[in-house]
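*Asks:* Before I ask anything, let me first share the structure, which is written out below as structure tokens.
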Amino acid sequence: MRSKDTHPQTLLTTLGHAPPEYGGVVNMPPHRASTILFSTLAEFDRAERGEIKRATYGRYGTASYDALASALTALEGADHTLLFSSGVAAITTGLLAFLGNGDHALIPDNVYGPVRRLAAHELKRMGIEISYYDPSVGAGIEALIRPNTRLVYVESPGSLTMEMQDIPAIAQAAHAKGCVLFADNTWATPLYCKPFELGIDVSMHSATKYIAGHSDIIMGTLSCKREHFSALSRVFRNFGATPSADDCYLALRGLRTLSSRLSAQSQTALELAKWLQKTPYVNRVLYPALSGDPGHALWQKTLTGAASLFSIIIKPCSREALASMLNGMNYFKMGFSWGGFESLIIPFAPASVRTTTEWAEEGQCLRLHVGLEHINDLKRDLEEGFIRLSQE
Ligand SMILES: *Cc1c(COP(=O)(O)O)cnc(C)c1O
């Protein structure tokens, strides 16, 4: 039925899907389970030896887990996918699978903020050394790789400031020195990035974002080829941060509409970004899908689409003026996370978090997530916000 020519949009409707196996109902009912029974001692013994395919204990996953993991494996072009109770648990597992006392890893200076805290406290305590590199480094990463560097981390575009990375060039240098290439692919989603074709070894997603898509669950994923599975799977099993069957059910339901949501939201985002470039309130729009963006060529080279998440730099303003804008928004509400059906906005200040690169740009930064609302309402919401801001 399914062939390798099947379009990903169609795959989303069929992956992890086998109605005859559960009485014909369209969606697999959630398999809530801690205990899963064995019918014979022989079956129990085989389970202890890791020889049976089905779920054996809730912490190692359930049939709901397997359905979602198998769907993501197919979308990513991977051999295996592991699921976690958060994106950060997936990142932690991905790093601890390859790093130990005395090892070194390279992380981009615009990395998702909580990763910096994980590194500064937990990884440091374990004797793992991290250095932060300029995300525009490209093939120049080679000079930063030390004899004890085991892992290179990429996030493209990077959190908040949206710089693209030359992943194929970084992959080549990392592999030449025997390093694993770990990628946070949350922005690109499994639809817009083919990680293993770019040379990525471990592809991570915060499924909290577009995969779940409705701002109601926290989940992370790691996909890999066969060679890295045993290292990752060991940490997954020992770490114990498995998602619940109900969350797997919801994430799989989110996946069914991922393609339509993403393309609608991205289309609105691009139109809005172009409009913002022309308004007098905005100094710069940071969005690699825009043709004038410094990352546009790399975006075209490495990804096949854009998320509806981008940032803008507006003129410097007082905190009171910013409050007047943000407190009165009708649709762009303030909140962490993104990838849901609703628009969001948050202020941020890159200069305060960077350690390797300078952020010299003047002006207030804002990150926008564009939801499924109509563009006219979103434009009006922003325009009225800018007017409130400039009247302070
Ligand atoms: C949200 C996010 C994460 C962390 O995911 P959680 O599910 O919130 O733990 C990691 N990377 C990026 C880029 C994110 O936006």
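Chain labels follow the order of the structure tokens: the first chain is A, the next B, and so on; residue numbering restarts at 1 in every chain, and ligands are counted from 1 in their shown order.
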What residues have any atom no more than 9 Å from ligand 1 when counting only C-alpha atoms and all ligand atoms, and can you list them as a PyMOL selection string?

*Replies:* chain A and resi 84-91+111-115+155-160+184-187+204-209+217-220+336-339

*Asks:* Show me, as a list in words, the residues that have an atom within 12 Å of Thr304 (chain A) when counting only C-alpha atoms, minus same-chain residues fewer than 6 positions from it.

*Replies:*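 Returned residues: Trp187, Ala188, Thr189, Pro190, Leu191, Tyr192, Cys193, Lys194, Pro195, Ser263, Pro288, Ala289, His296, Ala297 and Leu298 of chain A.
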
*Asks:* Based on the selection just made, write N, CA and C atoms of those residues as a compact mmCIF listing (two decimals), in the first residue's frame.

*Replies:*
```txt
# COMPACT_ATOMS: atom_id res chain seq x y z
N TRP A 187 12.72 23.35 14.96
CA TRP A 187 12.16 24.37 14.07
C TRP A 187 11.79 23.78 12.71
N ALA A 188 12.66 22.93 12.19
CA ALA A 188 12.44 22.39 10.84
C ALA A 188 11.36 21.33 10.80
N THR A 189 11.07 20.70 11.93
CA THR A 189 10.10 19.59 12.03
C THR A 189 10.58 18.41 11.15
N PRO A 190 10.00 17.23 11.36
CA PRO A 190 10.40 16.09 10.51
C PRO A 190 10.00 16.28 9.04
N LEU A 191 9.18 17.31 8.75
CA LEU A 191 8.76 17.50 7.35
C LEU A 191 9.76 18.29 6.54
N TYR A 192 10.45 19.24 7.15
CA TYR A 192 11.28 20.17 6.38
C TYR A 192 12.78 19.90 6.48
N CYS A 193 13.17 18.83 7.16
CA CYS A 193 14.60 18.49 7.24
C CYS A 193 14.77 17.00 7.05
N LYS A 194 15.73 16.61 6.22
CA LYS A 194 16.08 15.18 6.09
C LYS A 194 17.43 15.02 6.78
N PRO A 195 17.43 14.79 8.10
CA PRO A 195 18.66 14.91 8.89
C PRO A 195 19.81 14.03 8.42
N SER A 263 1.95 24.33 6.81
CA SER A 263 1.98 25.12 5.58
C SER A 263 1.09 26.35 5.71
N PRO A 288 14.96 33.22 8.16
CA PRO A 288 15.73 32.72 7.00
C PRO A 288 14.89 32.47 5.75
N ALA A 289 13.57 32.41 5.88
CA ALA A 289 12.73 32.22 4.69
C ALA A 289 12.65 33.49 3.84
N HIS A 296 19.48 32.98 4.27
CA HIS A 296 18.55 32.48 3.24
C HIS A 296 19.15 31.38 2.36
N ALA A 297 20.40 31.57 1.93
CA ALA A 297 21.03 30.58 1.04
C ALA A 297 21.21 29.24 1.76
N LEU A 298 21.62 29.30 3.02
CA LEU A 298 21.79 28.05 3.79
C LEU A 298 20.44 27.40 4.06
```

*Asks:* Listing only residues of region 269-357 of chain A within 12 Å of region 119-135 of chain A, what is the closest atom pair and its distance in Å (to one decimal) for each, using only C-alpha atoms, sorted by chain and residue number ascending, as CSV?

*Replies:*
```
residue,atom,partner,partner_atom,distance
A:Gly295,CA,A:Pro135,CA,10.9
A:Val353,CA,A:Tyr132,CA,11.4
A:Arg354,CA,A:Tyr132,CA,8.8
A:Thr355,CA,A:Tyr132,CA,7.1
A:Thr356,CA,A:Tyr132,CA,6.1
A:Thr357,CA,A:Asp134,CA,6.0
```

*Asks:* Looking only at the backbone, which of the residues in region 135-308 of chain A does DSSP tag as strand (DSSP E or B), as a PyMOL selection string?

*Replies:* chain A and resi 149-155+180-184+202-206+220-224+282-286

*Asks:* Counting only C-alpha atoms, which residue out of A:Leu95, A:Ala241, A:Ala171, A:Leu181 sits closest to Arg59 (chain A)?

*Replies:*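 Among A:Leu95, A:Ala241, A:Ala171, A:Leu181, it is A:Ala241 that comes nearest to Arg59 (chain A).
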